[in-house]
Structures are given as structure tokens and as C-alpha cells.
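J.: I'd like to ask some things about the structure below.
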Amino acid sequence: MMIDVGLLNKYNVPVPRYTSYPTVPVWKEELDVKKWKEVFRKQFSQNNSQDGISLYLHLPFCESLCTYCGCNKKITTHHSVEAEYLAAILKEWKICRQLMNEPPIIREIHLGGGTPTFFSPRNLSKLLDGIFERSLIHPQHEFSIEGHPNNTTKKHLEALYNLGFRRISYGVQDNDPEVQRIINRIQPLENVKNATEEARRIGFKSVNFDLIYGLPKQNLQSIERTIKEVIELGPDRIAFYSYAHVPWASRGQRLFDENDLPSAEEKLNLYIKGKELLTEAGYVDIGMDHFALPGDDLYKAWLDGTLHRNFMGYTTQKSSILLGLGVSSISDVGVAFAQNKKALHEYYESIEKNELAVFRGYFLNNEDVAFREYILDISCKGYTNFKPADLPKLQTFAFPELMKLKQDGLVDWNNKEVIVTSLGRHFIRNICRAFDLHLLRNQQQESTSMFSKAI
């Protein structure tokens with residue numbers, strides 16, 4: 001489907017990515033840790049045996065700085081840092097285990113970074129063996145890792161496969177040598193090809209590539225060449241992200257000459273060209289920048305309505321508890337969020353004292369829980385049904401927004417439900433915003449640089 005450029009421009013406004021609701025800017029900087037522990041205990045006791053739990057392990061180290069990156073990372077070439085950090089994560093896990101009334105059933109694990117493959121295969125195995133000790137593995141578990149094509153070795157992949165990992169995501173970003181030079185991420189296409197083929201030889205069933213549009217020095221010719229090369233390698237999933245230029249929040253981005261960035265119109269054309277090439281190649285637009293081949297589990301989950309979304313992005317696993325371990329990681333227990341301290345030395349200090357390292361978070365009220373469900377439905381299923389008790393607030397805040405969206409052909413709705421149209425699937429973030437009561441009650445937030453633009 002060709003998308004009207006005028007419509008794209010209209011909806012290319014700052015909007016949250018809705019990996020949580022309420023979104024992080026609403027959270028409180030001072031978290032009641034005692035209350036968090038009580039909520040965690042209760043939610044774990046109620047949900048572990050039914051759903052199991054998800055784990056996100058943040059491994060922040062990288063050997064070099066990719067200047068586009070906005071993640072929490074630590075740059076070093078000294079691999080002596082591995083042992084201290086892994087010991088801290090395992091100690092944090094031990095502290096969390098004290099809040100659990102029974103062995104955890106691990107349904108999902110994601111190793112994110114940073115560069116998780118910075119760590120040696122031996123140390124990754126040591127970490128995961130420590131997590132698995134006195135834990136149960138759900139029969140439908142899904143374990144995944146983010147890998148760098150330059151340093152993901154056969155030994156890494158074999159060790160992870162033997163531990164139950166079947167999904168890997170490679171940060172490709174762009175294959176153009178000039179773009180790679182300016183973002184300081186030099187990785188020959190041959191390395192991407194070898195890492196992909198090695199993962200498949202060993203038995204990984206799903207390979208994802210992360211691509212970014214809007215990077216400095218990108219143009220239509222270079223993005224077309226990159227995507228055609230990527231399609232040739234046939235990853236099962238592709239995340240096609242918009243580059244968010246936030247130099248006030250990410251110091252590495254201050255190294256760019258902003259004159260090298262594509263203009264707003266050029267960036268829009270990069271987005272259109274990318275989506276066009278991916279859909280022509282048979283990838284299905286799942287929503288919020290994610291594409292999958294019809295044979296992939298992510299597509300199947302989207303098709304049968306079991307897709308889920310959390311801080312790890314889209315997932316086929318829906319567990320009520322996501323526990324984040326490591327510096328800056330985020331935990332989600334359905335009715336509360338908590339984030340670990342962002343500075344490594346502060347994280348270490350808390351763990352050394354046998355304390356949780358959380359520093360901010362949010363406890364959801366009944367309204368938050370209800371409207372979070374609407375946002376999850378829209379982002380994962382493409383429709384949602386309204387609860388009668390919510391109608392007064394829906395009529396005040398959501399319905400006026402849905403009316404505008406319907407005028408542009410993005411949704412169909414009435415007092416009972418809203419359904420995202422095929423056109424609207426390209427604007428999921430904008431449609432989710434119609435249920436963001438915190439944002440709608442405080443409209444001036446949208447004029448700030450708090451969120452990246454939708455495109």
C-alpha cells in the first residue's frame with residue numbers, strides 16, 4: 001500500500017514507543033522500595049506457576065563507541081570487567097530470589113546491551129548456569145541475545161544454543177562504508193553474512209537484523225543498497241528503526257556534524273523506500289518498526305492475536321512478570337515498574353550492600369491498568385474493546401482523538417470498540433497515543449523533546 005506523504009508528515013510528531021504505560025517520563029524518581037518488594041512478592045506468588053517469568057539481563061560493555069547509540073553502555077577494551085559485573089548480576093538475582101516463594105519458572109530470557117557478545121562464551125555460560133540453578137525452565141521458553149556481527153563467534157553461538165537459545169538479533173544498522181565510518185561502526189557485510197550463516201548452521205531458528213534510517217550520510221541509494229543486501233541474507237525478522245537524534249541525552253551524538261543528517265523530507269523518503277522494499281520481499285509489517293517473514297513465530301503470533309509487547313519489544317511470550325537484572329534495567333510486574341540505577345558504581349554499591357539497585361519507578365492505579373490494556377491491544381492485536389466503566393474518560397479524552405484518526409482512515413470505531421485499518425497499521429504509535437491519558441491531560445509535553453518522532 002502506498003502511503004500518502006502528506007499523511008506521514010501530519011503524524012510525524014513526537015510520540016512514545018509505548019514499551020510501557022504509563023511512559024517513563026511519568027515515573028517517580030523516588031521509589032518506595034519496601035512497597036515494590038511487597039508488590040513483586042504478591043505478583044510473583046499469583047503468576048509464576050501460571051505464566052512463568054521473563055528475564056532481561058543488561059550487559060552494558062562495548063569495545064568501541066557507536067556514536068548513534070542512545071543505550072546505557074560502558075566503553076572499554078579491558079575484559080577483566082566481565083567477572084565483577086557477572087558476580088553482581090548473580091548476587092542481584094539471589095536478592096530477588098528471596099522475594100520468591102517458590103522456584104521461578106523461566107519462560108523468556110533476553111540478553112541485551114551494550115554488546116552481550118563482549119562477554120566470553122565461558123562467562124555467558126557461567127552467568128546463565130547461575131540463573132538456571134534451582135530454577136525451572138518453561139517447556140515453551142524462548143531465549144534470545146543481541147550479538148555484534150564482528151565478535152559473535154562460533155563458540156558463542158554453540159554455548160548459547162546448548163543453553164536453550166534459539167533467537168539472535170544482530171545490530172546491522174547500515175552497510176554503507178561511509179555511514180559506518182561516521183557512526184563508528186565498521187562491520188563488513190561479509191561479517192554479517194558469516195554470523196548469520198553460522199547461527200543457522202548451529203540451529204538458531206530465528207535471526208533478526210536491526211536497521212536504522214535517518215543516520216548521517218544516508219541517502220536513498222545507500223538505504224536501498226543496504227536493504228537489498230539484507231534481503232539477500234534473508235533474516236527472519238527485521239527491525240527498521242528511526243534514528244532519534246537526541247544529543248542532549250546521548251553525548252556520542254554530539255560528535256556528528258548535524259549538516260550530515262538527512263532532512264525531514266529525506267528521512268521520510270528513506271522510511272518509505274525501506275518499507276516498500278521490505279514488503280515487496282515478502283516481509284509483513286507487524287507494527288512499530290517490526291517486520292517478519294510469514295514463517296516466523298512473530299508473524300504467527302501477530303496473526304493469531306497472541307503477540308505481546310514489553311521493554312524487550314515485540315515477543316511471542318506473555319508473562320506477567322518481567323524482571324530486569326543489571327545496571328539501568330527495568331522490571332515490570334503488571335501493576336508496577338522499577339528501574340535500576342544507571343551509573344555502574346551506584347549499581348555496584350547497592351548490590352554490595354545486599355540491596356535492590358532500583359531508584360525510580362511507578363505504581364499503577366486502576367485507570368493506568370485499564371488504559372495500558374487498551375494500548376497493548378492496539379499495538380499487538382490492532383483492535384480493542386471498551387469497558388463500560390471507562391466510557392466517561394474515553395469520551396472525554398480518547399474519542400475526540402479517535403474521531404480525528406477516523407477522518408484520516410486510520411481507525412474504525414464506535415462506543416464499544418476500535419479497529420485499526422490496514423492504513424492505520426503504519427501509524428500504531430499515533431493510535432496508541434489516543435489512550436495515553438497522562439499525555440492528553442498535559443498536552444504541552446508534546447512540544448518538548450521528550451519523545452522521538454513517529455517516523
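Each chain of the C-alpha cells is named A, B, ... in the order shown, its residues numbered from 1; ligands are numbered from 1 in display order.
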Using 12 Å as the limit and counting only C-alpha atoms, can you tabulate each residue of range 58-131 of chain A that touches range 350-362 of chain A, with its shortest atom-to-atom distance in Å and the two atoms involved, as JSON lines?
T.:
```
{"residue": "A:Glu84", "atom": "CA", "partner": "A:Glu352", "partner_atom": "CA", "distance": 11.2}
{"residue": "A:Tyr85", "atom": "CA", "partner": "A:Ile351", "partner_atom": "CA", "distance": 10.6}
{"residue": "A:Leu86", "atom": "CA", "partner": "A:Ile351", "partner_atom": "CA", "distance": 11.8}
{"residue": "A:Ala87", "atom": "CA", "partner": "A:Ile351", "partner_atom": "CA", "distance": 9.9}
{"residue": "A:Ala88", "atom": "CA", "partner": "A:Ile351", "partner_atom": "CA", "distance": 6.5}
{"residue": "A:Ile89", "atom": "CA", "partner": "A:Ile351", "partner_atom": "CA", "distance": 8.4}
{"residue": "A:Leu90", "atom": "CA", "partner": "A:Ile351", "partner_atom": "CA", "distance": 9.8}
{"residue": "A:Lys91", "atom": "CA", "partner": "A:Ile351", "partner_atom": "CA", "distance": 6.9}
{"residue": "A:Glu92", "atom": "CA", "partner": "A:Ile351", "partner_atom": "CA", "distance": 6.2}
{"residue": "A:Trp93", "atom": "CA", "partner": "A:Leu356", "partner_atom": "CA", "distance": 9.6}
{"residue": "A:Lys94", "atom": "CA", "partner": "A:Asn354", "partner_atom": "CA", "distance": 9.2}
{"residue": "A:Ile95", "atom": "CA", "partner": "A:Asn354", "partner_atom": "CA", "distance": 6.7}
{"residue": "A:Cys96", "atom": "CA", "partner": "A:Leu356", "partner_atom": "CA", "distance": 7.8}
{"residue": "A:Arg97", "atom": "CA", "partner": "A:Leu356", "partner_atom": "CA", "distance": 11.4}
{"residue": "A:Gln98", "atom": "CA", "partner": "A:Asn354", "partner_atom": "CA", "distance": 11.0}
{"residue": "A:Leu99", "atom": "CA", "partner": "A:Leu356", "partner_atom": "CA", "distance": 11.0}
```
J.: Given the selection you just returned, output its residues as a file containing N, CA and C atoms, formatted as a PDB file, in the first residue's frame.
T.:
```
ATOM      1  N   GLU A  84      33.585  -9.158  37.518  1.00  0.00           N
ATOM      2  CA  GLU A  84      32.950  -8.350  38.557  1.00  0.00           C
ATOM      3  C   GLU A  84      31.477  -8.095  38.231  1.00  0.00           C
ATOM      4  N   TYR A  85      31.202  -7.818  36.957  1.00  0.00           N
ATOM      5  CA  TYR A  85      29.823  -7.497  36.591  1.00  0.00           C
ATOM      6  C   TYR A  85      28.927  -8.728  36.693  1.00  0.00           C
ATOM      7  N   LEU A  86      29.402  -9.861  36.225  1.00  0.00           N
ATOM      8  CA  LEU A  86      28.584 -11.073  36.290  1.00  0.00           C
ATOM      9  C   LEU A  86      28.334 -11.490  37.739  1.00  0.00           C
ATOM     10  N   ALA A  87      29.325 -11.297  38.596  1.00  0.00           N
ATOM     11  CA  ALA A  87      29.147 -11.607  40.018  1.00  0.00           C
ATOM     12  C   ALA A  87      28.050 -10.718  40.615  1.00  0.00           C
ATOM     13  N   ALA A  88      28.011  -9.449  40.178  1.00  0.00           N
ATOM     14  CA  ALA A  88      26.991  -8.528  40.689  1.00  0.00           C
ATOM     15  C   ALA A  88      25.597  -8.943  40.226  1.00  0.00           C
ATOM     16  N   ILE A  89      25.468  -9.330  38.948  1.00  0.00           N
ATOM     17  CA  ILE A  89      24.156  -9.759  38.448  1.00  0.00           C
ATOM     18  C   ILE A  89      23.680 -11.003  39.194  1.00  0.00           C
ATOM     19  N   LEU A  90      24.569 -11.952  39.408  1.00  0.00           N
ATOM     20  CA  LEU A  90      24.161 -13.176  40.113  1.00  0.00           C
ATOM     21  C   LEU A  90      23.806 -12.886  41.571  1.00  0.00           C
ATOM     22  N   LYS A  91      24.483 -11.920  42.151  1.00  0.00           N
ATOM     23  CA  LYS A  91      24.122 -11.526  43.512  1.00  0.00           C
ATOM     24  C   LYS A  91      22.768 -10.825  43.525  1.00  0.00           C
ATOM     25  N   GLU A  92      22.520  -9.978  42.516  1.00  0.00           N
ATOM     26  CA  GLU A  92      21.213  -9.323  42.407  1.00  0.00           C
ATOM     27  C   GLU A  92      20.112 -10.372  42.238  1.00  0.00           C
ATOM     28  N   TRP A  93      20.365 -11.382  41.418  1.00  0.00           N
ATOM     29  CA  TRP A  93      19.412 -12.464  41.220  1.00  0.00           C
ATOM     30  C   TRP A  93      19.120 -13.168  42.559  1.00  0.00           C
ATOM     31  N   LYS A  94      20.158 -13.367  43.357  1.00  0.00           N
ATOM     32  CA  LYS A  94      19.992 -14.001  44.667  1.00  0.00           C
ATOM     33  C   LYS A  94      19.107 -13.142  45.569  1.00  0.00           C
ATOM     34  N   ILE A  95      19.302 -11.814  45.527  1.00  0.00           N
ATOM     35  CA  ILE A  95      18.473 -10.898  46.321  1.00  0.00           C
ATOM     36  C   ILE A  95      17.019 -10.997  45.871  1.00  0.00           C
ATOM     37  N   CYS A  96      16.808 -11.039  44.554  1.00  0.00           N
ATOM     38  CA  CYS A  96      15.440 -11.146  44.023  1.00  0.00           C
ATOM     39  C   CYS A  96      14.822 -12.496  44.373  1.00  0.00           C
ATOM     40  N   ARG A  97      15.613 -13.551  44.386  1.00  0.00           N
ATOM     41  CA  ARG A  97      15.099 -14.878  44.713  1.00  0.00           C
ATOM     42  C   ARG A  97      14.513 -14.924  46.122  1.00  0.00           C
ATOM     43  N   GLN A  98      15.017 -14.068  46.999  1.00  0.00           N
ATOM     44  CA  GLN A  98      14.496 -14.019  48.369  1.00  0.00           C
ATOM     45  C   GLN A  98      13.062 -13.500  48.423  1.00  0.00           C
ATOM     46  N   LEU A  99      12.607 -12.885  47.326  1.00  0.00           N
ATOM     47  CA  LEU A  99      11.240 -12.376  47.252  1.00  0.00           C
ATOM     48  C   LEU A  99      10.293 -13.404  46.629  1.00  0.00           C
TER      49      LEU A  99
END
```
J.: Residues at most 10 Å from Ser144 in chain A, counting only C-alpha atoms, excluding those fewer than 2 positions away in the same chain, as a list in words?
T.: Tyr56, Glu108, Ile109, His110, Leu111, Gly112, Glu142, Glu146, Gly147, Leu160, Tyr161, Gly164, Phe165, Arg166, Arg167, Ile168, Ser169, Phe204, Ser206 and Val207 of chain A
J.: Find the residues near Leu307 in chain A: any atom within 9 Å, counting only C-alpha atoms, skip ones fewer than 3 places away on the same chain, and give them as a PDB file with N, CA and C atoms, in the first residue's frame.
T.:
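File written: result_34.pdb
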```pdb
ATOM      1  N   LEU A 298       6.927 -14.693  15.182  1.00  0.00           N
ATOM      2  CA  LEU A 298       6.392 -13.362  15.475  1.00  0.00           C
ATOM      3  C   LEU A 298       5.192 -13.062  14.582  1.00  0.00           C
ATOM      4  N   TYR A 299       5.295 -13.424  13.316  1.00  0.00           N
ATOM      5  CA  TYR A 299       4.177 -13.243  12.394  1.00  0.00           C
ATOM      6  C   TYR A 299       2.992 -14.106  12.813  1.00  0.00           C
ATOM      7  N   LYS A 300       3.266 -15.354  13.179  1.00  0.00           N
ATOM      8  CA  LYS A 300       2.193 -16.261  13.591  1.00  0.00           C
ATOM      9  C   LYS A 300       1.479 -15.727  14.823  1.00  0.00           C
ATOM     10  N   ALA A 301       2.244 -15.193  15.783  1.00  0.00           N
ATOM     11  CA  ALA A 301       1.630 -14.629  16.995  1.00  0.00           C
ATOM     12  C   ALA A 301       0.790 -13.402  16.656  1.00  0.00           C
ATOM     13  N   TRP A 302       1.271 -12.575  15.723  1.00  0.00           N
ATOM     14  CA  TRP A 302       0.502 -11.407  15.290  1.00  0.00           C
ATOM     15  C   TRP A 302      -0.805 -11.858  14.632  1.00  0.00           C
ATOM     16  N   LEU A 303      -0.714 -12.936  13.849  1.00  0.00           N
ATOM     17  CA  LEU A 303      -1.880 -13.422  13.115  1.00  0.00           C
ATOM     18  C   LEU A 303      -2.938 -14.000  14.055  1.00  0.00           C
ATOM     19  N   ASP A 304      -2.495 -14.748  15.073  1.00  0.00           N
ATOM     20  CA  ASP A 304      -3.480 -15.404  15.951  1.00  0.00           C
ATOM     21  C   ASP A 304      -3.811 -14.603  17.216  1.00  0.00           C
ATOM     22  N   TYR A 314       8.540  -6.434  20.724  1.00  0.00           N
ATOM     23  CA  TYR A 314       7.506  -7.437  20.470  1.00  0.00           C
ATOM     24  C   TYR A 314       8.036  -8.824  20.817  1.00  0.00           C
ATOM     25  N   THR A 315       7.184  -9.658  21.393  1.00  0.00           N
ATOM     26  CA  THR A 315       7.568 -11.004  21.787  1.00  0.00           C
ATOM     27  C   THR A 315       6.378 -11.941  21.634  1.00  0.00           C
ATOM     28  N   THR A 316       6.671 -13.201  21.460  1.00  0.00           N
ATOM     29  CA  THR A 316       5.610 -14.213  21.375  1.00  0.00           C
ATOM     30  C   THR A 316       5.246 -14.749  22.756  1.00  0.00           C
ATOM     31  N   GLN A 317       5.994 -14.336  23.781  1.00  0.00           N
ATOM     32  CA  GLN A 317       5.777 -14.839  25.142  1.00  0.00           C
ATOM     33  C   GLN A 317       5.065 -13.790  25.983  1.00  0.00           C
ATOM     34  N   LYS A 318       4.003 -14.161  26.631  1.00  0.00           N
ATOM     35  CA  LYS A 318       3.300 -13.235  27.505  1.00  0.00           C
ATOM     36  C   LYS A 318       3.363 -13.746  28.940  1.00  0.00           C
ATOM     37  N   SER A 379      -1.399  -2.078  19.968  1.00  0.00           N
ATOM     38  CA  SER A 379      -0.059  -2.325  19.442  1.00  0.00           C
ATOM     39  C   SER A 379       0.162  -3.777  19.057  1.00  0.00           C
ATOM     40  N   CYS A 380      -0.570  -4.707  19.687  1.00  0.00           N
ATOM     41  CA  CYS A 380      -0.330  -6.138  19.441  1.00  0.00           C
ATOM     42  C   CYS A 380      -1.423  -6.811  18.610  1.00  0.00           C
ATOM     43  N   LYS A 381      -2.667  -6.364  18.752  1.00  0.00           N
ATOM     44  CA  LYS A 381      -3.780  -7.024  18.065  1.00  0.00           C
ATOM     45  C   LYS A 381      -4.411  -6.179  16.964  1.00  0.00           C
TER      46      LYS A 381
END
```
J.: Which distance in Å separates CA of His78 in chain A and CA of Glu63 in chain A, to one decimal?
T.: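 Straight-line distance from CA of His78 in chain A to CA of Glu63 in chain A works out to 8.2 Å.
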J.: Please give the complete set of residues from range 212-338 of chain A that DSSP, run on the backbone, assigns to alpha helix (DSSP H), formatted as an MDAnalysis selection string.
T.: chainID A and resid 220:233 264:280 297:304
J.: With distances taken over only C-alpha atoms, which residue among A:Cys69, A:Val24, A:Ile286, A:Leu127 lies nearest Ser422 in chain A?
T.: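 Nearest to Ser422 in chain A: A:Ile286.
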J.: Env of Tyr21 in chain A: 12 Å cut, atoms = only C-alpha atoms, seq-sep filter 6 positions within chain, self excluded. Answer as a PyMOL selection string.
T.: chain A and resi 27+309-311+332+334-337+361-365+367-376+379+432-433+435-439
J.: Go ahead and save the residues from that selection, with C-alpha atoms, as a PDB file, in the first residue's frame.
T.:
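Contents of the output file selection33.pdb:
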```
ATOM      1  CA  TRP A  27       7.534   7.668  36.703  1.00  0.00           C
ATOM      2  CA  ARG A 309       4.915  -6.118  23.825  1.00  0.00           C
ATOM      3  CA  ASN A 310       7.230  -5.141  26.678  1.00  0.00           C
ATOM      4  CA  PHE A 311      10.595  -3.456  27.221  1.00  0.00           C
ATOM      5  CA  ASP A 332       7.573  -4.791  35.075  1.00  0.00           C
ATOM      6  CA  GLY A 334       1.953  -5.649  35.566  1.00  0.00           C
ATOM      7  CA  VAL A 335       0.900  -3.167  38.225  1.00  0.00           C
ATOM      8  CA  ALA A 336       4.294  -1.561  38.898  1.00  0.00           C
ATOM      9  CA  PHE A 337       7.582  -0.658  37.213  1.00  0.00           C
ATOM     10  CA  GLY A 361       9.513   3.503  39.107  1.00  0.00           C
ATOM     11  CA  TYR A 362       5.753   3.733  39.164  1.00  0.00           C
ATOM     12  CA  PHE A 363       2.794   2.025  40.831  1.00  0.00           C
ATOM     13  CA  LEU A 364      -0.198   1.843  38.501  1.00  0.00           C
ATOM     14  CA  ASN A 365      -3.685   2.798  39.645  1.00  0.00           C
ATOM     15  CA  GLU A 367      -7.091   3.767  35.457  1.00  0.00           C
ATOM     16  CA  ASP A 368      -3.499   3.092  34.384  1.00  0.00           C
ATOM     17  CA  VAL A 369      -4.100  -0.660  34.289  1.00  0.00           C
ATOM     18  CA  ALA A 370      -7.222  -0.286  32.155  1.00  0.00           C
ATOM     19  CA  PHE A 371      -5.714   2.125  29.636  1.00  0.00           C
ATOM     20  CA  ARG A 372      -2.475   0.158  29.499  1.00  0.00           C
ATOM     21  CA  GLU A 373      -4.564  -2.776  28.271  1.00  0.00           C
ATOM     22  CA  TYR A 374      -6.072  -0.653  25.505  1.00  0.00           C
ATOM     23  CA  ILE A 375      -2.592   0.410  24.353  1.00  0.00           C
ATOM     24  CA  LEU A 376      -1.296  -3.175  24.411  1.00  0.00           C
ATOM     25  CA  SER A 379      -0.059  -2.325  19.442  1.00  0.00           C
ATOM     26  CA  CYS A 432      -1.859   4.290  20.964  1.00  0.00           C
ATOM     27  CA  ARG A 433      -1.477   7.942  21.919  1.00  0.00           C
ATOM     28  CA  PHE A 435      -5.352   6.222  25.077  1.00  0.00           C
ATOM     29  CA  ASP A 436      -2.434   7.947  26.816  1.00  0.00           C
ATOM     30  CA  LEU A 437      -4.362   9.882  29.437  1.00  0.00           C
ATOM     31  CA  HIS A 438      -1.210  11.233  31.066  1.00  0.00           C
ATOM     32  CA  LEU A 439      -0.132  12.785  27.782  1.00  0.00           C
TER      33      LEU A 439
END
```
J.: I need the residues in range 141-218 of chain A that are strand (DSSP E or B) according to DSSP; give them as a tab-separated table (two decimals) with N, CA and C atoms, in the first residue's frame.
T.:
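Written file, selection_19.tsv:
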```
chain	number	residue	atom	x	y	z
A	141	HIS	N	9.72	-22.13	26.45
A	141	HIS	CA	10.60	-20.99	26.68
A	141	HIS	C	11.15	-20.43	25.37
A	142	GLU	N	11.54	-19.17	25.42
A	142	GLU	CA	12.20	-18.51	24.29
A	142	GLU	C	13.33	-17.66	24.84
A	143	PHE	N	14.57	-18.01	24.45
A	143	PHE	CA	15.76	-17.30	24.90
A	143	PHE	C	16.41	-16.62	23.71
A	144	SER	N	16.79	-15.34	23.89
A	144	SER	CA	17.36	-14.58	22.77
A	144	SER	C	18.50	-13.70	23.25
A	145	ILE	N	19.34	-13.31	22.31
A	145	ILE	CA	20.51	-12.48	22.62
A	145	ILE	C	20.74	-11.49	21.50
A	146	GLU	N	21.28	-10.32	21.86
A	146	GLU	CA	21.75	-9.36	20.87
A	146	GLU	C	23.23	-9.61	20.63
A	147	GLY	N	23.61	-9.74	19.37
A	147	GLY	CA	25.01	-10.01	19.04
A	147	GLY	C	25.58	-8.98	18.09
A	165	PHE	N	19.15	-21.23	23.79
A	165	PHE	CA	18.90	-20.04	22.98
A	165	PHE	C	18.64	-20.44	21.52
A	166	ARG	N	17.60	-19.84	20.94
A	166	ARG	CA	17.24	-20.14	19.56
A	166	ARG	C	17.02	-18.88	18.73
A	167	ARG	N	17.13	-17.70	19.37
A	167	ARG	CA	16.94	-16.44	18.64
A	167	ARG	C	18.13	-15.55	18.86
A	168	ILE	N	18.58	-14.89	17.79
A	168	ILE	CA	19.66	-13.91	17.91
A	168	ILE	C	19.33	-12.69	17.06
A	169	SER	N	19.70	-11.53	17.57
A	169	SER	CA	19.48	-10.28	16.85
A	169	SER	C	20.82	-9.61	16.62
A	170	TYR	N	21.12	-9.31	15.36
A	170	TYR	CA	22.37	-8.64	15.02
A	170	TYR	C	22.11	-7.17	14.72
A	171	GLY	N	22.94	-6.32	15.30
A	171	GLY	CA	22.86	-4.90	15.00
A	171	GLY	C	23.59	-4.61	13.69
A	172	VAL	N	22.84	-4.48	12.61
A	172	VAL	CA	23.43	-4.22	11.30
A	172	VAL	C	23.47	-2.72	11.04
A	173	GLN	N	22.35	-2.05	11.25
A	173	GLN	CA	22.19	-0.59	11.13
A	173	GLN	C	22.30	-0.11	9.68
A	206	SER	N	15.64	-18.35	14.49
A	206	SER	CA	15.20	-17.00	14.11
A	206	SER	C	16.36	-16.02	14.24
A	207	VAL	N	16.65	-15.33	13.15
A	207	VAL	CA	17.69	-14.30	13.13
A	207	VAL	C	17.02	-12.97	12.81
A	208	ASN	N	17.29	-11.97	13.64
A	208	ASN	CA	16.76	-10.62	13.43
A	208	ASN	C	17.90	-9.69	13.07
A	209	PHE	N	17.64	-8.73	12.18
A	209	PHE	CA	18.57	-7.64	11.89
A	209	PHE	C	17.94	-6.33	12.36
A	210	ASP	N	18.71	-5.53	13.06
A	210	ASP	CA	18.31	-4.15	13.35
A	210	ASP	C	18.86	-3.24	12.27
A	211	LEU	N	17.99	-2.45	11.66
A	211	LEU	CA	18.39	-1.44	10.68
A	211	LEU	C	17.91	-0.09	11.17
A	212	ILE	N	18.63	0.96	10.81
A	212	ILE	CA	18.26	2.32	11.22
A	212	ILE	C	18.21	3.22	9.99
A	213	TYR	N	17.14	4.02	9.91
A	213	TYR	CA	17.08	5.02	8.84
A	213	TYR	C	17.14	6.40	9.47
```
